[in-house]
Amino acid sequence: MRARDYIIRRLFLLIPVLIGISLVTFTLSHMIGDPIAAYLTEGSIEKISPERIQMIIKAHGLDQPIYLQYAYYISDILRGDWGISRADANRPVTESIARYLPATFELTIVAVLLTLAMGIPLGIVSATRKDRLPDHAARIFSLTGVSIPVFWFALMLQFTFFYTLKVLRLPSLPLSGRVDQTLAAATGFHSITGFYVLDSLLQGNMAVFVDAILHLILPSFALAYISVALIARMMRSSMLEVLKQDYITLARSKGLTERVVIYRHALKNALIPTVTIAGLAFGGLLAGAVLTESVFNWPGMGRWSTGAILTDDIAAIMGFTLVIAVVYVLANLIVDVLYAFLDPRIRLG
Amino acid sequence: MREPLISVQNLKTYFHTYGGVVRALEGISFDIYPEETFGLVGETGCGKSVTSLSIMRLVPNPPGKIEAGKVTYRGQDLLQLTEDQMRRIRGSKITMIFQDPMTFLNPVLTIGEQVTEVIEIHQDLAKEVVLLKIEDLKDKLARAQGNTSAGRAVEQRMRQLEAELETPPKPRRRELKKAALKRAEAALRLVRMPDPEKVVKQYPHELSGGMRQRAVIAMALSCNPDLLIADEPTTSLDVTIQAQILTLLSELEKKIGASVLLITHDMGIVAETCDRVGVMYAGNIIEVSETKALFEKPLHPYTRGLLRAIPKLHKDVKNLETIPGSVPNLIYPPSGCRFHPRCPFKMEVCDKEFPPMLEIESGHSVACYLYPEK
Amino acid sequence: MANTSIRGGLKESPHMRELRYTVHLLRQSPLVVVGILLTTAVFVVALTAPWIAPYGAEQRIWGERIQPPGPAHWLGTDESGGDVFSRLVWGSRLDLSIALTVVGVACLVGASVGGVAGFLGGRVDEVVMRITDIFLAFPALILAMTIAAALGRNLTNLTIALAIVWWPGYSRIIRGQVLTEREKPYVEAARAVGAPTRRILLRHVLPNSIYPLLVNATLDLGGVILTAAGLSFIGFGAGAGVAEWGRMISDGRNYLFQAPWMATFPGLAILITALSLNLVGDGLRDVLDPRLRR
């Protein structure tokens, strides 16, 4: 079964990459500042007693040669001790991640759905109506999408859909945050999974459900624009490639309708190269999330990390970088597996 | 005089490209009769494939366009039909097989999917479905053994179904797929595909070249076409497979009663398989005749050159014979007869106007000023 | 006979013919022409900044703070009285030079490493591939962020960080191209004639591998500008008050509703610059695709 071998092989290839990532974060953490700062709960290094300093040094091997320090670092990570985040009220980094990752995920998943729902059809329309008006419109849309600064786009969205609508006394979309705090408090909403849309449904809290969705609209659109553009462009060019292929001529010679030719014969083949950039697009989403969260005050990984970097919060920076890198690597793995399943030539050898 | 099955008259197809207008077909005419194999032979680039694409109206539209002409099939001009009407003919009444089965089969669909889809859209399988159900029940009955109450219920159901055979009801999708699959397997068996039930679930890259070509032939013949256009069907296959496929084609042609338009550059294949031949040069048909007559008494200087160029095993040759010069540029073709720059018999009139196609002997026509009107 | 063509009575070499064909193709697409014009315009603005900017980059006129666009200040003023238009013009120098530096350095380093790795193959290739894998395992912005944090938050370090993030991509491209070219007959022929490896690489393989690099470099100029602006926006790179487009948006953010011009125009500048670069890059890609030629 080639597919299973393929997946196992890819998983094995993951290991050196993961080790490499940890090396990078380890090196960078030593460059940013004194590693001791990562494990302090007290806020700053002056406030603590020399005994406490010695304890920390011993516990994390900070007086050992560099390669042993790396070993301590890895074992700390695997044990779950990722240090303390000063920027986040001195919480353990693992706790910060647990708080903020779901928020970022919720935003990113919605953006992914938008990308698929809008990007793929846009690419198909563009390719099948090549050089006509829908194609030109779609291409301008896509071109703008990959040229626009996402944070600026977010600001413009805020200006239009919050401020302008409000000034015109029309219903407007929320400015920031994930949910209206007063509404949440009033209706007794509390978070279970960290995914507010899901949680509100689970609690039967329709008011918060609607509110959470409203809060998701602007940030997810801002975030998704770029990847919609990327996917649409890729779909367009791969559809055009596929439509030039010989088997499309044969399909037409069989008397199949153009619709069947496009959706049954061309589409599946065109999706294959598109899927390969899906991983890249996802990385773009993660990066964009950092910027978007900043604009919308979204309590996710992005906002936490920017705060961390601006305050030299070593543990947070390292934790956040590690997590994002691992997520990205896993996403690429999923994409690779998807790619193998779409293309029987890879699946069956 | 037999009525031709399909009659091509004065077909002109041009390609509008960056470099200029490529005059690929400059008004060709030929007839194909029922149940015959007609070979269209010529060098690469002479317009053979464009001819087949033009008949099927599959010429890629931005650069290519059928500028003029008439293709009469069963009393209709194919070039005047709507796209819908043409679609109903493609794949069922006029079908096509191509040169390289690897690139002409969709790599992400199974053979079964690609064969059944032709059957599904062109054939009315309602009756099939009912027949299949009856078959199923017959099996059940055979296994029932004896006059049980269950057996009687099955018999009753069978009689119901038999009554339906006259005006079968509209079948459900799943039933349609089953019936189409059965037909597909039958088609694969017809083309001598080994192990059809297995092949139906496989993908093109899992089959050998010969098997792939058989699959393509199965697709083309599954709906009992009148005309099968075969565009260099064996060029990319091994010689041994080539022989198999050609034999298969002639068998099937007789079995189904179809005509074949065989496009090739290989005179050997023409000699073996074709009843009549048309010779093409640079976008024109310059000679048409029965195969035997063509080989015994080639009329056009180009045809003679082609035949002379075939190395003969029984003679000792020091140099291979060639036709001097090269194939003309179809953007700026020579005036008049396009062969005149290379023709050893060129006359004054040859570069003025293209010679008319005249029937010199019964069934043997040529377009050359060497053979004036009687 | 097949190598030269006669055009207007003059014989021209195949290179000239290719170049002329390229220009012809480029001229055919109106979008590409627009892209080239816009890009040239942006570069001209950057180069002539000292002459076209009415005010200095750091010039503050406290009496004219937060003024909407008008005759004295074409695009308005910001919260400390700086002229938005002038700062935009000065900012173009900054952003363009960052982009050119990053892409230039990344190309050089990446192409060299990738070229060597692809050509030598074996162990060297494996090692280089692993290293690039590790770099490419991080989304660009995030890695740049972290490196910039490690090095210290200023513009120079931002440039360095971006160059570090961008070079692995180019090395992959060149490596791929070299691998394909290496198998081609002309390389074997050159070797058979006795050409040394370095000469084969430089004179034969690399020139043929340049096309995708050229396309990507052009597209990446836009990408770098976007990333650099993004990082300046969150607070890296350009310090407060510096005339850099991303920073200007961040500074103007607090006045988004009262004085939208402060944040809008710098963003438009980024958009137009990146758009024009993308247009040119796209056009180049379509034109240089060997299958589409002829």
# chains A, B, ... in the order shown; residues from 1 in each chain; ligands from 1
$ residues_around --residues "Ile61 in chain C" --least-positions-apart "2" --cutoff "8 Å" --atoms "only C-alpha atoms" --output "compact mmCIF listing (two decimals) with C-alpha atoms, in the first residue's frame"
# COMPACT_ATOMS: atom_id res chain seq x y z
CA GLN C 59 10.25 68.21 9.34
CA GLY C 63 1.21 74.80 14.14
CA GLU C 64 -0.20 72.72 11.31
CA ARG C 65 -0.86 69.41 12.98
CA SER C 80 3.19 66.10 14.79
CA GLY C 81 2.79 68.35 11.80
CA GLY C 82 4.77 66.35 9.29
$ closest_atom_pairs --of "chain A" --to "chain B" --cutoff "8 Å" --atoms "only C-alpha atoms" --output "Markdown table"
| residue | atom | partner | partner_atom | distance |
| --- | --- | --- | --- | --- |
| A:Gln245 | CA | B:Thr103 | CA | 7.5 |
| A:Asp246 | CA | B:Phe104 | CA | 4.9 |
| A:Tyr247 | CA | B:Phe104 | CA | 4.0 |
| A:Ile248 | CA | B:Phe104 | CA | 7.6 |
| A:Thr249 | CA | B:Leu58 | CA | 7.5 |
| A:Leu250 | CA | B:Phe104 | CA | 6.1 |
| A:Arg252 | CA | B:Leu58 | CA | 7.6 |
| A:Ser253 | CA | B:Arg90 | CA | 5.7 |
| A:Lys254 | CA | B:Gly91 | CA | 3.7 |
| A:Gly255 | CA | B:Arg87 | CA | 4.4 |
| A:Leu256 | CA | B:Arg87 | CA | 6.8 |
| A:Thr257 | CA | B:Arg87 | CA | 7.2 |
| A:His265 | CA | B:Asn106 | CA | 6.9 |
| A:Lys268 | CA | B:Val108 | CA | 7.2 |
| A:Asn269 | CA | B:Val108 | CA | 6.8 |
| A:Leu342 | CA | B:Val108 | CA | 7.6 |
| A:Asp343 | CA | B:Val108 | CA | 6.2 |
| A:Pro344 | CA | B:Val108 | CA | 6.0 |
| A:Arg345 | CA | B:His205 | CA | 6.8 |
$ interface_residues --of "chain B" --to "chain C" --cutoff "10 Å" --atoms "only C-alpha atoms" --output "MDAnalysis selection string"
chainID B and resid 17:19
$ select_by_dssp --residues "range 181-259 of chain C" --states "helix (DSSP H, G or I)" --output "PyMOL selection string"
chain C and resi 181-182+185-193+197-234+245-253
$ write_last_selection --atoms "C-alpha atoms" --output "PDB file, in the first residue's frame"
ATOM      1  CA  GLU C 181      19.954  21.618 -16.775  1.00  0.00           C
ATOM      2  CA  ARG C 182      22.695  19.356 -15.515  1.00  0.00           C
ATOM      3  CA  PRO C 185      23.063  17.102 -23.454  1.00  0.00           C
ATOM      4  CA  TYR C 186      24.857  20.422 -23.792  1.00  0.00           C
ATOM      5  CA  VAL C 187      26.367  20.042 -20.353  1.00  0.00           C
ATOM      6  CA  GLU C 188      27.661  16.612 -21.251  1.00  0.00           C
ATOM      7  CA  ALA C 189      29.044  18.074 -24.432  1.00  0.00           C
ATOM      8  CA  ALA C 190      30.827  20.838 -22.565  1.00  0.00           C
ATOM      9  CA  ARG C 191      32.302  18.309 -20.194  1.00  0.00           C
ATOM     10  CA  ALA C 192      33.388  16.128 -23.096  1.00  0.00           C
ATOM     11  CA  VAL C 193      35.236  19.066 -24.568  1.00  0.00           C
ATOM     12  CA  THR C 197      33.182  22.577 -13.702  1.00  0.00           C
ATOM     13  CA  ARG C 198      33.145  26.211 -12.686  1.00  0.00           C
ATOM     14  CA  ARG C 199      33.086  27.380 -16.250  1.00  0.00           C
ATOM     15  CA  ILE C 200      30.241  25.026 -17.089  1.00  0.00           C
ATOM     16  CA  LEU C 201      28.279  26.343 -14.150  1.00  0.00           C
ATOM     17  CA  LEU C 202      28.838  29.993 -14.813  1.00  0.00           C
ATOM     18  CA  ARG C 203      28.703  30.182 -18.544  1.00  0.00           C
ATOM     19  CA  HIS C 204      26.276  27.456 -19.432  1.00  0.00           C
ATOM     20  CA  VAL C 205      24.032  26.287 -16.664  1.00  0.00           C
ATOM     21  CA  LEU C 206      23.404  29.483 -14.728  1.00  0.00           C
ATOM     22  CA  PRO C 207      22.325  31.679 -17.632  1.00  0.00           C
ATOM     23  CA  ASN C 208      19.711  29.120 -18.551  1.00  0.00           C
ATOM     24  CA  SER C 209      18.462  28.881 -14.989  1.00  0.00           C
ATOM     25  CA  ILE C 210      18.014  32.577 -14.534  1.00  0.00           C
ATOM     26  CA  TYR C 211      14.506  33.009 -15.827  1.00  0.00           C
ATOM     27  CA  PRO C 212      12.511  31.714 -12.854  1.00  0.00           C
ATOM     28  CA  LEU C 213      14.901  33.570 -10.572  1.00  0.00           C
ATOM     29  CA  LEU C 214      14.231  36.813 -12.401  1.00  0.00           C
ATOM     30  CA  VAL C 215      10.502  36.334 -12.183  1.00  0.00           C
ATOM     31  CA  ASN C 216      10.567  35.483  -8.508  1.00  0.00           C
ATOM     32  CA  ALA C 217      12.936  38.309  -7.665  1.00  0.00           C
ATOM     33  CA  THR C 218      10.593  40.843  -9.224  1.00  0.00           C
ATOM     34  CA  LEU C 219       7.590  39.402  -7.438  1.00  0.00           C
ATOM     35  CA  ASP C 220       9.533  39.240  -4.185  1.00  0.00           C
ATOM     36  CA  LEU C 221      10.403  42.917  -4.318  1.00  0.00           C
ATOM     37  CA  GLY C 222       6.737  43.500  -3.676  1.00  0.00           C
ATOM     38  CA  GLY C 223       6.607  40.768  -1.079  1.00  0.00           C
ATOM     39  CA  VAL C 224       9.524  42.194   0.864  1.00  0.00           C
ATOM     40  CA  ILE C 225       7.990  45.646   0.889  1.00  0.00           C
ATOM     41  CA  LEU C 226       4.770  44.188   2.253  1.00  0.00           C
ATOM     42  CA  THR C 227       6.561  42.197   4.942  1.00  0.00           C
ATOM     43  CA  ALA C 228       8.859  45.045   5.932  1.00  0.00           C
ATOM     44  CA  ALA C 229       5.879  47.370   6.199  1.00  0.00           C
ATOM     45  CA  GLY C 230       4.033  44.800   8.252  1.00  0.00           C
ATOM     46  CA  LEU C 231       6.909  44.409  10.654  1.00  0.00           C
ATOM     47  CA  SER C 232       7.317  48.165  10.981  1.00  0.00           C
ATOM     48  CA  PHE C 233       3.631  48.350  11.658  1.00  0.00           C
ATOM     49  CA  ILE C 234       3.854  46.090  14.694  1.00  0.00           C
ATOM     50  CA  TRP C 245       5.274  53.525   5.009  1.00  0.00           C
ATOM     51  CA  GLY C 246       4.409  50.766   7.456  1.00  0.00           C
ATOM     52  CA  ARG C 247       5.380  52.915  10.418  1.00  0.00           C
ATOM     53  CA  MET C 248       3.321  55.784   9.109  1.00  0.00           C
ATOM     54  CA  ILE C 249       0.269  53.552   9.031  1.00  0.00           C
ATOM     55  CA  SER C 250       0.930  52.453  12.579  1.00  0.00           C
ATOM     56  CA  ASP C 251       1.373  56.041  13.719  1.00  0.00           C
ATOM     57  CA  GLY C 252      -1.758  57.087  11.901  1.00  0.00           C
ATOM     58  CA  ARG C 253      -3.802  54.260  13.291  1.00  0.00           C
TER      59      ARG C 253
END
$ interface_residues --of "chain C" --to "chain A" --cutoff "8 Å" --atoms "only C-alpha atoms" --output "NGL selection string"
:C and (130 or 133-134 or 137-143 or 146-147 or 149-152 or 222-223 or 226 or 229-230 or 234-235 or 249 or 253 or 256-257 or 263-264 or 267 or 270-272 or 274-275 or 278-279)
$ write_last_selection --atoms "N, CA and C atoms" --output "mmCIF file, in the first residue's frame"
data_model
loop_
_atom_site.group_PDB
_atom_site.id
_atom_site.type_symbol
_atom_site.label_atom_id
_atom_site.label_comp_id
_atom_site.auth_asym_id
_atom_site.auth_seq_id
_atom_site.Cartn_x
_atom_site.Cartn_y
_atom_site.Cartn_z
ATOM 1 N N ARG C 130 18.445 20.208 3.687
ATOM 2 C CA ARG C 130 17.947 20.193 5.069
ATOM 3 C C ARG C 130 17.909 21.589 5.639
ATOM 4 N N ASP C 133 15.137 23.497 4.205
ATOM 5 C CA ASP C 133 13.901 22.971 4.773
ATOM 6 C C ASP C 133 13.587 23.621 6.100
ATOM 7 N N ILE C 134 14.611 23.735 6.940
ATOM 8 C CA ILE C 134 14.392 24.289 8.270
ATOM 9 C C ILE C 134 13.945 25.747 8.168
ATOM 10 N N ALA C 137 10.476 26.084 7.034
ATOM 11 C CA ALA C 137 9.454 25.538 7.928
ATOM 12 C C ALA C 137 8.740 26.643 8.697
ATOM 13 N N PHE C 138 9.285 27.840 8.648
ATOM 14 C CA PHE C 138 8.645 28.962 9.337
ATOM 15 C C PHE C 138 7.976 29.872 8.326
ATOM 16 N N PRO C 139 6.788 30.378 8.643
ATOM 17 C CA PRO C 139 6.231 31.410 7.767
ATOM 18 C C PRO C 139 7.147 32.630 7.799
ATOM 19 N N ALA C 140 7.300 33.283 6.659
ATOM 20 C CA ALA C 140 8.318 34.329 6.503
ATOM 21 C C ALA C 140 8.245 35.417 7.567
ATOM 22 N N LEU C 141 7.069 35.961 7.736
ATOM 23 C CA LEU C 141 6.936 37.081 8.659
ATOM 24 C C LEU C 141 7.367 36.699 10.059
ATOM 25 N N ILE C 142 6.972 35.500 10.473
ATOM 26 C CA ILE C 142 7.210 35.090 11.845
ATOM 27 C C ILE C 142 8.693 34.858 12.103
ATOM 28 N N LEU C 143 9.352 34.235 11.132
ATOM 29 C CA LEU C 143 10.790 34.031 11.303
ATOM 30 C C LEU C 143 11.515 35.366 11.323
ATOM 31 N N THR C 146 11.140 36.998 14.649
ATOM 32 C CA THR C 146 11.964 36.422 15.701
ATOM 33 C C THR C 146 13.425 36.797 15.536
ATOM 34 N N ILE C 147 13.916 36.764 14.298
ATOM 35 C CA ILE C 147 15.319 37.124 14.073
ATOM 36 C C ILE C 147 15.534 38.594 14.411
ATOM 37 N N ALA C 149 13.899 40.284 16.472
ATOM 38 C CA ALA C 149 13.877 40.409 17.933
ATOM 39 C C ALA C 149 15.237 40.040 18.510
ATOM 40 N N ALA C 150 15.832 38.983 17.938
ATOM 41 C CA ALA C 150 17.120 38.539 18.454
ATOM 42 C C ALA C 150 18.215 39.550 18.178
ATOM 43 N N LEU C 151 18.173 40.166 17.012
ATOM 44 C CA LEU C 151 19.259 41.058 16.635
ATOM 45 C C LEU C 151 19.113 42.443 17.234
ATOM 46 N N GLY C 152 17.863 42.783 17.548
ATOM 47 C CA GLY C 152 17.683 44.155 18.003
ATOM 48 C C GLY C 152 16.778 44.883 17.038
ATOM 49 N N GLY C 222 8.001 43.096 -4.277
ATOM 50 C CA GLY C 222 6.737 43.500 -3.676
ATOM 51 C C GLY C 222 6.511 42.825 -2.342
ATOM 52 N N GLY C 223 6.815 41.528 -2.307
ATOM 53 C CA GLY C 223 6.607 40.768 -1.079
ATOM 54 C C GLY C 223 7.421 41.303 0.081
ATOM 55 N N LEU C 226 5.935 44.473 1.424
ATOM 56 C CA LEU C 226 4.770 44.188 2.253
ATOM 57 C C LEU C 226 5.180 43.669 3.622
ATOM 58 N N ALA C 229 6.884 46.434 5.703
ATOM 59 C CA ALA C 229 5.879 47.370 6.199
ATOM 60 C C ALA C 229 5.106 46.755 7.349
ATOM 61 N N GLY C 230 4.775 45.476 7.194
ATOM 62 C CA GLY C 230 4.033 44.800 8.252
ATOM 63 C C GLY C 230 4.803 44.775 9.559
ATOM 64 N N ILE C 234 3.989 46.613 13.333
ATOM 65 C CA ILE C 234 3.854 46.090 14.694
ATOM 66 C C ILE C 234 4.892 46.665 15.629
ATOM 67 N N GLY C 235 5.936 47.286 15.045
ATOM 68 C CA GLY C 235 6.863 47.936 15.946
ATOM 69 C C GLY C 235 8.310 47.523 15.790
ATOM 70 N N ILE C 249 1.609 54.096 8.829
ATOM 71 C CA ILE C 249 0.269 53.552 9.031
ATOM 72 C C ILE C 249 0.046 53.288 10.516
ATOM 73 N N ARG C 253 -2.696 55.127 12.911
ATOM 74 C CA ARG C 253 -3.802 54.260 13.291
ATOM 75 C C ARG C 253 -4.666 54.880 14.386
ATOM 76 N N LEU C 256 -7.323 57.070 13.063
ATOM 77 C CA LEU C 256 -7.952 56.486 11.880
ATOM 78 C C LEU C 256 -9.285 57.143 11.551
ATOM 79 N N PHE C 257 -10.079 57.398 12.571
ATOM 80 C CA PHE C 257 -11.417 57.912 12.279
ATOM 81 C C PHE C 257 -11.441 59.429 12.137
ATOM 82 N N ALA C 263 -3.319 57.370 7.734
ATOM 83 C CA ALA C 263 -3.046 55.943 7.560
ATOM 84 C C ALA C 263 -3.361 55.463 6.151
ATOM 85 N N THR C 264 -4.297 56.163 5.471
ATOM 86 C CA THR C 264 -4.740 55.669 4.169
ATOM 87 C C THR C 264 -3.676 55.819 3.096
ATOM 88 N N GLY C 267 -0.694 53.423 2.971
ATOM 89 C CA GLY C 267 -1.137 52.104 2.542
ATOM 90 C C GLY C 267 -1.334 52.047 1.046
ATOM 91 N N ILE C 270 1.972 51.670 -0.600
ATOM 92 C CA ILE C 270 2.450 50.284 -0.571
ATOM 93 C C ILE C 270 1.700 49.476 -1.625
ATOM 94 N N LEU C 271 0.384 49.656 -1.650
ATOM 95 C CA LEU C 271 -0.440 48.890 -2.590
ATOM 96 C C LEU C 271 -0.001 49.124 -4.020
ATOM 97 N N ILE C 272 0.144 50.393 -4.386
ATOM 98 C CA ILE C 272 0.506 50.703 -5.766
ATOM 99 C C ILE C 272 1.879 50.139 -6.119
ATOM 100 N N ALA C 274 3.546 47.592 -4.691
ATOM 101 C CA ALA C 274 3.519 46.132 -4.777
ATOM 102 C C ALA C 274 2.747 45.689 -6.015
ATOM 103 N N LEU C 275 1.659 46.359 -6.307
ATOM 104 C CA LEU C 275 0.847 46.012 -7.472
ATOM 105 C C LEU C 275 1.656 46.127 -8.747
ATOM 106 N N ASN C 278 4.155 43.399 -8.991
ATOM 107 C CA ASN C 278 3.517 42.127 -9.308
ATOM 108 C C ASN C 278 3.105 42.055 -10.768
ATOM 109 N N LEU C 279 2.618 43.153 -11.306
ATOM 110 C CA LEU C 279 2.242 43.175 -12.713
ATOM 111 C C LEU C 279 3.434 42.869 -13.597
#
$ residues_around --residues "Arg93 in chain C" --least-positions-apart "4" --cutoff "8 Å" --atoms "only C-alpha atoms" --output "list in words"
Ala46, Leu47, Ala49, Val89 and Ser97 of chain C
$ write_last_selection --atoms "C-alpha atoms" --output "PDB file, in the first residue's frame"
ATOM      1  CA  ALA C  46      12.280  57.725  -5.023  1.00  0.00           C
ATOM      2  CA  LEU C  47      15.243  58.996  -6.979  1.00  0.00           C
ATOM      3  CA  ALA C  49      12.765  62.815  -3.743  1.00  0.00           C
ATOM      4  CA  VAL C  89       8.078  60.457  -1.049  1.00  0.00           C
ATOM      5  CA  SER C  97      16.167  50.391  -0.829  1.00  0.00           C
TER       6      SER C  97
END
$ select_by_dssp --residues "range 103-313 of chain B" --states "strand (DSSP E or B)" --output "PyMOL selection string"
chain B and resi 227-231+259-264+276-281+284-290
$ residues_around --residues "Arg276 in chain B" --least-positions-apart "6" --cutoff "8 Å" --atoms "only C-alpha atoms" --output "mmCIF file with N, CA and C atoms, in the first residue's frame"
data_model
loop_
_atom_site.group_PDB
_atom_site.id
_atom_site.type_symbol
_atom_site.label_atom_id
_atom_site.label_comp_id
_atom_site.auth_asym_id
_atom_site.auth_seq_id
_atom_site.Cartn_x
_atom_site.Cartn_y
_atom_site.Cartn_z
ATOM 1 N N GLU B 36 -16.241 0.779 -44.954
ATOM 2 C CA GLU B 36 -14.949 0.695 -45.600
ATOM 3 C C GLU B 36 -13.909 1.369 -44.718
ATOM 4 N N THR B 37 -12.627 0.994 -44.933
ATOM 5 C CA THR B 37 -11.549 1.671 -44.233
ATOM 6 C C THR B 37 -10.890 2.616 -45.217
ATOM 7 N N PHE B 38 -10.958 3.901 -44.923
ATOM 8 C CA PHE B 38 -10.379 4.905 -45.805
ATOM 9 C C PHE B 38 -9.128 5.435 -45.137
ATOM 10 N N GLY B 39 -8.005 5.351 -45.848
ATOM 11 C CA GLY B 39 -6.769 5.839 -45.260
ATOM 12 C C GLY B 39 -6.468 7.245 -45.726
ATOM 13 N N VAL B 288 -6.817 10.287 -54.816
ATOM 14 C CA VAL B 288 -7.695 9.360 -54.100
ATOM 15 C C VAL B 288 -7.890 8.125 -54.967
ATOM 16 N N SER B 289 -7.726 6.936 -54.373
ATOM 17 C CA SER B 289 -7.990 5.739 -55.170
ATOM 18 C C SER B 289 -8.144 4.535 -54.283
ATOM 19 N N GLU B 290 -8.469 3.391 -54.917
ATOM 20 C CA GLU B 290 -8.452 2.158 -54.150
ATOM 21 C C GLU B 290 -7.003 1.808 -53.870
ATOM 22 N N THR B 291 -6.760 1.160 -52.739
ATOM 23 C CA THR B 291 -5.399 0.931 -52.281
ATOM 24 C C THR B 291 -4.542 0.223 -53.328
#
$ atom_distance --atom1 "CA of Pro54 in chain C" --atom2 "CA of Thr77 in chain C"
12.5 Å
